[in-house]
Amino acid sequence: MPIYSIRGIDVDFPFEAYQSQIIYMDRVIESLQNKCHALLESPTGTGKTLCLLCATLAWRRSLGCFSTRKDRKNTEIPWKDSDDLMSQSGGGGGGGGGFPTIVYASRTHSQLRQVIKELKRSSYRPKMVVLGSREQLCVNEEVNSLRGKALTNACQYLCKKRGKRQCNHFNRIPDYLKHNPHIGDEPVDIEDLVNIGKDSGPCPYYITREVHKDVDIIFAPYNYLISNGYRKYLKVNWNDSVLIFDEAHNLESLCADSASFDLPSVLLSACISEAQECVELAAARRNSLNDVSVNPETFAILKGLLLKLQELISKVPIPKKDEGFTKPGPYIYEMLKSLNITHETAPKLIGTVEEAAVFLEEEKQQTATNSGSKLEIIADMLKLIFRENGSNHADVYRVHVQELEQSPTDVIKGKVSRTLSWWCFSPGITMLDIAKKGVGSIILTSGTLSPMDSLAQELKLDFPVRLENPHVISSNQLWAGVVSTGPSGYVLNSSYRNRDVPEYKQELGNAIVNFSRVVPEALLIFFPSYYLMDSCISFWKNGCQRNSMTIWERICKLKKPVIEPKDSSLFPAAMQDFSEKLQDKSTWGVVFFAVCRGKVSEGLDFADGAGRAVVITGLPYARVTDPRVKLKREFLDDQSQRADVKVSRSTLLSGSMWYSQEAARAVNQAIGRVIRHRHDYGAIIFCDDRFEQPSQQSKISLWIRPNVKCYSRYGEVISDLARFFRIERSNFPTGLGTELENNIVSTLLPMETSKGNPTPASGNSNLKNVGISKNELSKLDAFPPANRASPLERDGNNIKWKGLTILKHTGKIPRIVKADVMQGCSSRKTKFVELSDDEETPVERRCEIVDLECDNCEKQTRETEVLSSSSCFNTMGLIKKRKVPESQGSASSSVLTAKRNGGGDKKEASASAFLSQVKEKLNTEEYKKFIGYMQALKKKEIKLANVMQSIVQLFCGRERDHLLMGFKDFVPVKYRPAYEECIKTRKREG
């Protein structure tokens, strides 16, 4: 692996880094070294997650050893019994001698799964843990079917040693941790933890609760940081800690939501019913069991308070139903004071509510009722209002009461359906709470953070380190155009005034028909809202058509359709449908109709053929009449008017600026689905004439902006698109690397040279000093912009292939270039090979430079170009041998003509033949396992030693002995004794 020296920190990176990746890692380390906050934007597909992990862990490693078992002197952990696990408060993270703890947060566990996958690809092995909820981690079959608070209370009930009903998984934790102190030394995901619980018995949830107290890095969803309720359960030493928010483009809205609440009347009615149920249960228990531990009068008082609150909300005057009732944030204290709920009485009331919720859950546990208690929501609401025993934060809130559509039953009963809301309009209060804990650095990163000034204003933090990175692709891999008119010349504009016009829907539909004809494989269509998507699809199915077929039928004839469901529970089925239709080779592809800000536009990977083009049908502005949107705009306008006169008004975030920026971020997120890696290509089609405006184009992501072309004629769009895909499909064959068996053959053999490989500008050494200042970015031109070792690359008159640099000179004898000719190498072991006639020597590492001196340079050049197909190197680390004779006349030909003499063909045939034998002898499930091992090894997700053990286990048996021996040919010589030992051990056990 190359090592890059950045600001004095040696960063071990698994590939040759792009220029933009080096800049990104430089900014990360700058933030960490200076203990300041950073905003880092880098497009999707530029490897930002891997860069972030490598740079952060390299910095952390420079401070001292990780807390993994191999670095610890004392591996014994003094666990006592299960009760200790329930009572321990923990010392607070940051193992390894009190070094800073890193908390890596992303929005969902599926995104964290990808992050942990990237960690496995790196060489860093910090002590780690991934946190999850009981719902995700519970393996107790008695309670894991429950949800929410019901599951929590059932879990806690069984974990307290009472009676015969106990959780055996919980009781096994101390013994498991005592005998497995290595847990977390290797990257583990949620699924791995659950498997440990199922196989070995201990509770995965409480394992993470214990392990996270002494780790180097914690992976967790956002709510573990932005929710005060979750944050207090993290036993982390916050001082100088590093907090990373990945996919942070929605962070401000998530912070605002976590600090707000909505209390609809239907929920309040349910809470009143639960309070009444508590009164009845407590009275029954007192009468029948003589149990005086719960007082029914206490619950009766709680019910009375909730009834008064319901009455208070129902009497709020609402002059205009569509506007609701709005007051400044502190008004909430006036409302509650009339019910005698104040800062002094609130703690006792919160205690009563929580007691009632637990009491109710215990009763429900006896009757196996699955629903959670609604009273917990009242407790959370009161904690939010009366937090930190102060009310200074209330100024950034608004109280709002909205009258909703009444249900038929409410009308009959004469009830008014209303919602009491307390909305936070300054997400910065959450970030300030976190910053006050003394954290060292807060790093926010995403593909769409711009504009950064307004984001920093919203979050109320100073971000001195900022970056807007370009993409790693070349400009010819992207087509971006604004289509202002459709095939008939009608203007495409999805604004509120135009979106329901039949001519607009007709024109948009016909345009999509043509795009479906031109764009290969998958086409993603993003609408501003579910309403517009449903309206258009309905019109295309039923609208009047001149032709015999409807627009929908014409689309379906070209591509199989999939529609994003509004109900999130149906989304997995939609994705499965998309996957199956995409793999159906009998069609031209699939078209996915989706919505900006929906699940399809957020975080999903539509790489290669899964997303060849994205169509943006309009600007996804939030509904202007939405009370929360309206109040947010008014709040920002008010804040900008009150701002210090020294600050320019133009730099402050106004309501209209925020409104348009939110729409632009949603567009940029949807756009991010199309280009997912260095060798991907695709088109971005803006089907709305408003994108022609400079003000709108300025909000498009920086890496796209220079490529956007505005088209006045629709015919030119189709012509240019067709030409783009025709050229790119020839440069990047769609079948390349898609078949599993082809992947395995390419794993056993070197990869062929790709047209898309970039040309390096410097030699290839292991240690690269790349200290960067903002004024020295031009120096980065010296670094090869490639994320993987290129099979065949040119460096002036030299040839680079798989890390081996071949220098071309006139002369007679092949020689090894001495170390002083090379750039400085790292302290890791590096071999310089001796080339001889009678000795086969495996070529190892990246630092070797072979000087092939010969008389016929022209001949050498021609022969070198076929070197990429020879078998000297193996892409998954299984190294093949080669001979380099010293004889004067054959120096170049003996090294370079393996392919010409048929050596490469023979080895490829050998690999294919072996694969055929494997397929013949293994059943379908076993064959899938074999393919999985090879792919994981190629991607460096699994170590060779582990693969060898798995292969031996898979190939054992009399009829498969020839497979055991055949696979040995693909194992490096130095690993063959270990492979043979695996075979012997397995046979002894058998």
# chains A, B, ... in the order shown; residues from 1 in each chain; ligands from 1
>>> select_by_dssp(residues="stretch 230-435 of chain A", states="helix (DSSP H, G or I)", output="VMD selection string")
chain A and resid 230 to 231 248 to 258 265 to 289 296 to 314 331 to 337 346 to 366 375 to 385 387 to 389 392 to 396 408 to 413 428 to 435
>>> select_by_dssp(residues="stretch 216-377 of chain A", states="strand (DSSP E or B)", output="list of chain:residue names")
A:Ile217, A:Ile218, A:Phe219, A:Ala220, A:Pro221, A:Val242, A:Leu243, A:Ile244, A:Phe245, A:Phe261, A:Asp262, A:Leu263, A:Pro264, A:Phe325, A:Thr326, A:Lys327, A:Pro328
>>> write_last_selection(atoms="all heavy atoms", output="tab-separated table (two decimals), in the first residue's frame")
chain	number	residue	atom	x	y	z
A	217	ILE	N	-12.60	3.99	18.13
A	217	ILE	CA	-13.57	4.59	17.22
A	217	ILE	C	-14.93	3.93	17.41
A	217	ILE	O	-15.03	2.71	17.52
A	217	ILE	CB	-13.10	4.48	15.74
A	217	ILE	CG1	-14.06	5.20	14.80
A	217	ILE	CG2	-12.88	3.04	15.32
A	217	ILE	CD1	-13.51	5.40	13.39
A	218	ILE	N	-15.96	4.75	17.47
A	218	ILE	CA	-17.34	4.29	17.63
A	218	ILE	C	-18.11	4.66	16.36
A	218	ILE	O	-18.04	5.80	15.90
A	218	ILE	CB	-18.01	4.96	18.84
A	218	ILE	CG1	-17.30	4.59	20.14
A	218	ILE	CG2	-19.50	4.58	18.92
A	218	ILE	CD1	-17.76	5.38	21.35
A	219	PHE	N	-18.84	3.69	15.81
A	219	PHE	CA	-19.71	3.95	14.67
A	219	PHE	C	-21.15	3.95	15.18
A	219	PHE	O	-21.56	3.01	15.87
A	219	PHE	CB	-19.53	2.89	13.59
A	219	PHE	CG	-18.15	2.87	12.99
A	219	PHE	CD1	-17.16	2.04	13.49
A	219	PHE	CD2	-17.84	3.71	11.93
A	219	PHE	CE1	-15.89	2.03	12.95
A	219	PHE	CE2	-16.57	3.71	11.38
A	219	PHE	CZ	-15.59	2.87	11.88
A	220	ALA	N	-21.90	4.99	14.84
A	220	ALA	CA	-23.26	5.11	15.37
A	220	ALA	C	-24.13	5.94	14.44
A	220	ALA	O	-23.62	6.79	13.69
A	220	ALA	CB	-23.23	5.74	16.76
A	221	PRO	N	-25.44	5.73	14.46
A	221	PRO	CA	-26.35	6.62	13.72
A	221	PRO	C	-26.34	8.02	14.33
A	221	PRO	O	-25.94	8.21	15.48
A	221	PRO	CB	-27.73	5.95	13.90
A	221	PRO	CG	-27.44	4.56	14.34
A	221	PRO	CD	-26.16	4.62	15.10
A	242	VAL	N	-13.15	13.46	18.59
A	242	VAL	CA	-13.38	13.81	17.17
A	242	VAL	C	-14.75	13.29	16.76
A	242	VAL	O	-15.01	12.08	16.88
A	242	VAL	CB	-12.28	13.20	16.27
A	242	VAL	CG1	-12.58	13.50	14.81
A	242	VAL	CG2	-10.91	13.72	16.67
A	243	LEU	N	-15.62	14.16	16.29
A	243	LEU	CA	-16.95	13.77	15.86
A	243	LEU	C	-17.04	13.95	14.34
A	243	LEU	O	-16.80	15.04	13.83
A	243	LEU	CB	-18.03	14.62	16.55
A	243	LEU	CG	-17.97	14.70	18.08
A	243	LEU	CD1	-19.20	15.43	18.61
A	243	LEU	CD2	-17.86	13.32	18.71
A	244	ILE	N	-17.38	12.89	13.66
A	244	ILE	CA	-17.49	12.92	12.20
A	244	ILE	C	-18.94	12.68	11.80
A	244	ILE	O	-19.54	11.68	12.20
A	244	ILE	CB	-16.59	11.85	11.56
A	244	ILE	CG1	-15.11	12.12	11.90
A	244	ILE	CG2	-16.79	11.78	10.06
A	244	ILE	CD1	-14.18	10.99	11.51
A	245	PHE	N	-19.50	13.60	11.04
A	245	PHE	CA	-20.85	13.44	10.51
A	245	PHE	C	-20.73	13.21	9.00
A	245	PHE	O	-20.47	14.14	8.24
A	245	PHE	CB	-21.70	14.68	10.78
A	245	PHE	CG	-22.05	14.89	12.23
A	245	PHE	CD1	-21.22	15.63	13.07
A	245	PHE	CD2	-23.21	14.35	12.77
A	245	PHE	CE1	-21.54	15.82	14.41
A	245	PHE	CE2	-23.53	14.53	14.10
A	245	PHE	CZ	-22.70	15.28	14.92
A	261	PHE	N	-41.00	19.17	18.82
A	261	PHE	CA	-42.00	18.13	19.02
A	261	PHE	C	-43.35	18.56	18.45
A	261	PHE	O	-43.63	19.75	18.28
A	261	PHE	CB	-42.17	17.76	20.51
A	261	PHE	CG	-42.84	18.81	21.36
A	261	PHE	CD1	-44.23	18.98	21.33
A	261	PHE	CD2	-42.11	19.62	22.20
A	261	PHE	CE1	-44.86	19.94	22.12
A	261	PHE	CE2	-42.72	20.59	22.99
A	261	PHE	CZ	-44.10	20.74	22.95
A	262	ASP	N	-44.16	17.55	18.12
A	262	ASP	CA	-45.55	17.74	17.70
A	262	ASP	C	-46.42	16.86	18.59
A	262	ASP	O	-46.13	15.68	18.77
A	262	ASP	CB	-45.76	17.33	16.24
A	262	ASP	CG	-45.06	18.27	15.28
A	262	ASP	OD1	-45.42	19.45	15.22
A	262	ASP	OD2	-44.12	17.79	14.58
A	263	LEU	N	-47.50	17.44	19.12
A	263	LEU	CA	-48.42	16.69	19.98
A	263	LEU	C	-49.82	16.77	19.39
A	263	LEU	O	-50.60	17.66	19.72
A	263	LEU	CB	-48.40	17.25	21.41
A	263	LEU	CG	-49.28	16.53	22.44
A	263	LEU	CD1	-48.80	15.10	22.64
A	263	LEU	CD2	-49.29	17.28	23.77
A	264	PRO	N	-50.18	15.84	18.51
A	264	PRO	CA	-51.53	15.84	17.94
A	264	PRO	C	-52.56	15.40	18.98
A	264	PRO	O	-52.23	14.66	19.92
A	264	PRO	CB	-51.43	14.84	16.79
A	264	PRO	CG	-50.29	13.97	17.12
A	264	PRO	CD	-49.33	14.78	17.94
A	325	PHE	N	-52.39	29.08	14.85
A	325	PHE	CA	-52.13	30.00	15.97
A	325	PHE	C	-50.62	29.95	16.25
A	325	PHE	O	-50.06	28.88	16.47
A	325	PHE	CB	-52.93	29.54	17.19
A	325	PHE	CG	-52.57	30.23	18.47
A	325	PHE	CD1	-53.19	31.43	18.84
A	325	PHE	CD2	-51.64	29.68	19.34
A	325	PHE	CE1	-52.87	32.05	20.03
A	325	PHE	CE2	-51.31	30.31	20.53
A	325	PHE	CZ	-51.93	31.50	20.89
A	326	THR	N	-49.97	31.10	16.22
A	326	THR	CA	-48.51	31.15	16.41
A	326	THR	C	-48.14	32.16	17.48
A	326	THR	O	-48.67	33.27	17.50
A	326	THR	CB	-47.80	31.51	15.10
A	326	THR	OG1	-48.17	30.58	14.08
A	326	THR	CG2	-46.29	31.47	15.27
A	327	LYS	N	-47.21	31.77	18.35
A	327	LYS	CA	-46.67	32.66	19.39
A	327	LYS	C	-45.16	32.43	19.49
A	327	LYS	O	-44.65	31.37	19.08
A	327	LYS	CB	-47.32	32.36	20.74
A	327	LYS	CG	-48.77	32.81	20.88
A	327	LYS	CD	-48.85	34.33	21.05
A	327	LYS	CE	-50.28	34.79	21.31
A	327	LYS	NZ	-50.36	36.25	21.49
A	328	PRO	N	-44.42	33.38	20.06
A	328	PRO	CA	-42.99	33.16	20.28
A	328	PRO	C	-42.75	31.95	21.18
A	328	PRO	O	-43.62	31.55	21.96
A	328	PRO	CB	-42.53	34.46	20.96
A	328	PRO	CG	-43.55	35.48	20.55
A	328	PRO	CD	-44.84	34.75	20.43
>>> residues_around(residues="A:Tyr206", least_positions_apart="5", cutoff="12 Å", atoms="only C-alpha atoms", output="ChimeraX atom specification")
/A:82-88,129-134,137-139,155-156,159,167,169-174,176-177,193-194,197,201,211-213
>>> residues_around(residues="stretch 949-952 of chain A", least_positions_apart="4", cutoff="10 Å", atoms="only C-alpha atoms", output="PyMOL selection string")
chain A and resi 929-930+933-934+944-945+956-957+960-961+963-965+967+978-987
>>> residues_around(residues="stretch 269-282 of chain A", least_positions_apart="3", cutoff="9 Å", atoms="only C-alpha atoms", output="NGL selection string")
:A and (264-266 or 285-287 or 291-300 or 302-304 or 306-307 or 310 or 353 or 356-357 or 359-360 or 363 or 373-378)
>>> write_last_selection(atoms="N, CA and C atoms", output="tab-separated table (two decimals), in the first residue's frame")
chain	number	residue	atom	x	y	z
A	264	PRO	N	-50.18	15.84	18.51
A	264	PRO	CA	-51.53	15.84	17.94
A	264	PRO	C	-52.56	15.40	18.98
A	265	SER	N	-53.80	15.83	18.80
A	265	SER	CA	-54.85	15.54	19.79
A	265	SER	C	-55.11	14.04	19.91
A	266	VAL	N	-54.94	13.29	18.80
A	266	VAL	CA	-55.16	11.85	18.88
A	266	VAL	C	-54.14	11.19	19.79
A	285	ARG	N	-54.72	-3.67	41.79
A	285	ARG	CA	-53.59	-4.31	42.47
A	285	ARG	C	-53.64	-4.06	43.97
A	286	ARG	N	-54.03	-2.85	44.34
A	286	ARG	CA	-54.12	-2.53	45.77
A	286	ARG	C	-55.21	-3.37	46.43
A	287	ASN	N	-56.35	-3.53	45.76
A	287	ASN	CA	-57.47	-4.26	46.37
A	287	ASN	C	-57.22	-5.76	46.42
A	291	ASP	N	-51.12	-4.42	47.35
A	291	ASP	CA	-49.86	-3.78	46.91
A	291	ASP	C	-50.01	-2.27	46.98
A	292	VAL	N	-49.23	-1.64	47.86
A	292	VAL	CA	-49.32	-0.18	48.02
A	292	VAL	C	-48.13	0.53	47.37
A	293	SER	N	-47.34	-0.21	46.54
A	293	SER	CA	-46.16	0.40	45.90
A	293	SER	C	-46.56	1.40	44.83
A	294	VAL	N	-47.75	1.25	44.24
A	294	VAL	CA	-48.23	2.22	43.26
A	294	VAL	C	-49.51	2.85	43.78
A	295	ASN	N	-49.58	4.17	43.64
A	295	ASN	CA	-50.72	4.91	44.18
A	295	ASN	C	-51.64	5.34	43.04
A	296	PRO	N	-52.88	4.86	43.00
A	296	PRO	CA	-53.79	5.25	41.93
A	296	PRO	C	-54.09	6.75	41.91
A	297	GLU	N	-53.98	7.40	43.07
A	297	GLU	CA	-54.25	8.84	43.13
A	297	GLU	C	-53.22	9.64	42.33
A	298	THR	N	-51.97	9.16	42.33
A	298	THR	CA	-50.92	9.84	41.56
A	298	THR	C	-51.25	9.83	40.08
A	299	PHE	N	-51.70	8.68	39.59
A	299	PHE	CA	-52.05	8.56	38.17
A	299	PHE	C	-53.33	9.34	37.85
A	300	ALA	N	-54.21	9.47	38.83
A	300	ALA	CA	-55.43	10.27	38.63
A	300	ALA	C	-55.08	11.75	38.44
A	302	LEU	N	-52.24	12.83	37.23
A	302	LEU	CA	-51.64	12.90	35.89
A	302	LEU	C	-52.73	12.98	34.82
A	303	LYS	N	-53.75	12.16	34.96
A	303	LYS	CA	-54.86	12.19	34.00
A	303	LYS	C	-55.54	13.55	33.99
A	304	GLY	N	-55.73	14.12	35.16
A	304	GLY	CA	-56.37	15.43	35.26
A	304	GLY	C	-55.56	16.51	34.55
A	306	LEU	N	-53.46	16.11	32.04
A	306	LEU	CA	-53.53	15.89	30.58
A	306	LEU	C	-54.88	16.33	30.03
A	307	LEU	N	-55.96	16.13	30.79
A	307	LEU	CA	-57.28	16.61	30.36
A	307	LEU	C	-57.31	18.13	30.28
A	310	GLN	N	-55.46	19.21	27.20
A	310	GLN	CA	-56.31	18.99	26.02
A	310	GLN	C	-57.33	20.11	25.87
A	353	VAL	N	-44.83	10.49	35.05
A	353	VAL	CA	-45.13	9.99	33.70
A	353	VAL	C	-44.31	8.74	33.39
A	356	ALA	N	-45.59	5.79	35.35
A	356	ALA	CA	-46.83	5.27	34.76
A	356	ALA	C	-46.52	4.44	33.52
A	357	ALA	N	-45.58	4.91	32.69
A	357	ALA	CA	-45.23	4.18	31.47
A	357	ALA	C	-44.64	2.82	31.79
A	359	PHE	N	-45.01	1.11	34.61
A	359	PHE	CA	-46.05	0.31	35.25
A	359	PHE	C	-46.96	-0.32	34.20
A	360	LEU	N	-47.31	0.48	33.21
A	360	LEU	CA	-48.19	0.01	32.14
A	360	LEU	C	-47.49	-1.05	31.29
A	363	GLU	N	-47.38	-4.45	32.98
A	363	GLU	CA	-48.66	-5.15	32.86
A	363	GLU	C	-48.84	-5.72	31.45
A	373	SER	N	-45.84	2.30	25.12
A	373	SER	CA	-46.62	3.30	25.84
A	373	SER	C	-46.48	4.67	25.19
A	374	LYS	N	-47.59	5.35	25.01
A	374	LYS	CA	-47.59	6.71	24.44
A	374	LYS	C	-47.17	7.74	25.48
A	375	LEU	N	-47.28	7.41	26.76
A	375	LEU	CA	-46.93	8.37	27.82
A	375	LEU	C	-45.46	8.78	27.76
A	376	GLU	N	-44.61	7.91	27.22
A	376	GLU	CA	-43.19	8.24	27.10
A	376	GLU	C	-43.00	9.51	26.28
A	377	ILE	N	-43.88	9.75	25.30
A	377	ILE	CA	-43.77	10.94	24.45
A	377	ILE	C	-44.00	12.20	25.27
A	378	ILE	N	-44.92	12.15	26.23
A	378	ILE	CA	-45.16	13.29	27.12
A	378	ILE	C	-43.91	13.58	27.95
>>> atom_distance(atom1="atom CA of A:Thr445", atom2="atom CA of A:Leu40")
4.7 Å
>>> residues_around(residues="A:Ser426", least_positions_apart="3", cutoff="10 Å", atoms="only C-alpha atoms", output="list in words")
Glu252, Ser253, Cys255, Ala256, Ala259, His393, Asp395, Val396, Tyr397, Trp423, Ile429, Thr430, Met431, Gln457, Glu458, Leu459, Lys460, Lys632, Phe635 and Leu636 of chain A
>>> closest_residue(among="A:Gly486, A:Gly98, A:Gly932, A:Pro317", to="A:Lys505", atoms="only C-alpha atoms")
A:Gly486
>>> closest_residue(among="A:Ala58, A:Ile341, A:Leu558, A:Leu432", to="A:Ile226", atoms="only C-alpha atoms")
A:Leu432
>>> closest_residue(among="A:Glu507, A:Glu521, A:Asp567, A:Asp433", to="A:Phe539", atoms="only C-alpha atoms")
A:Glu507
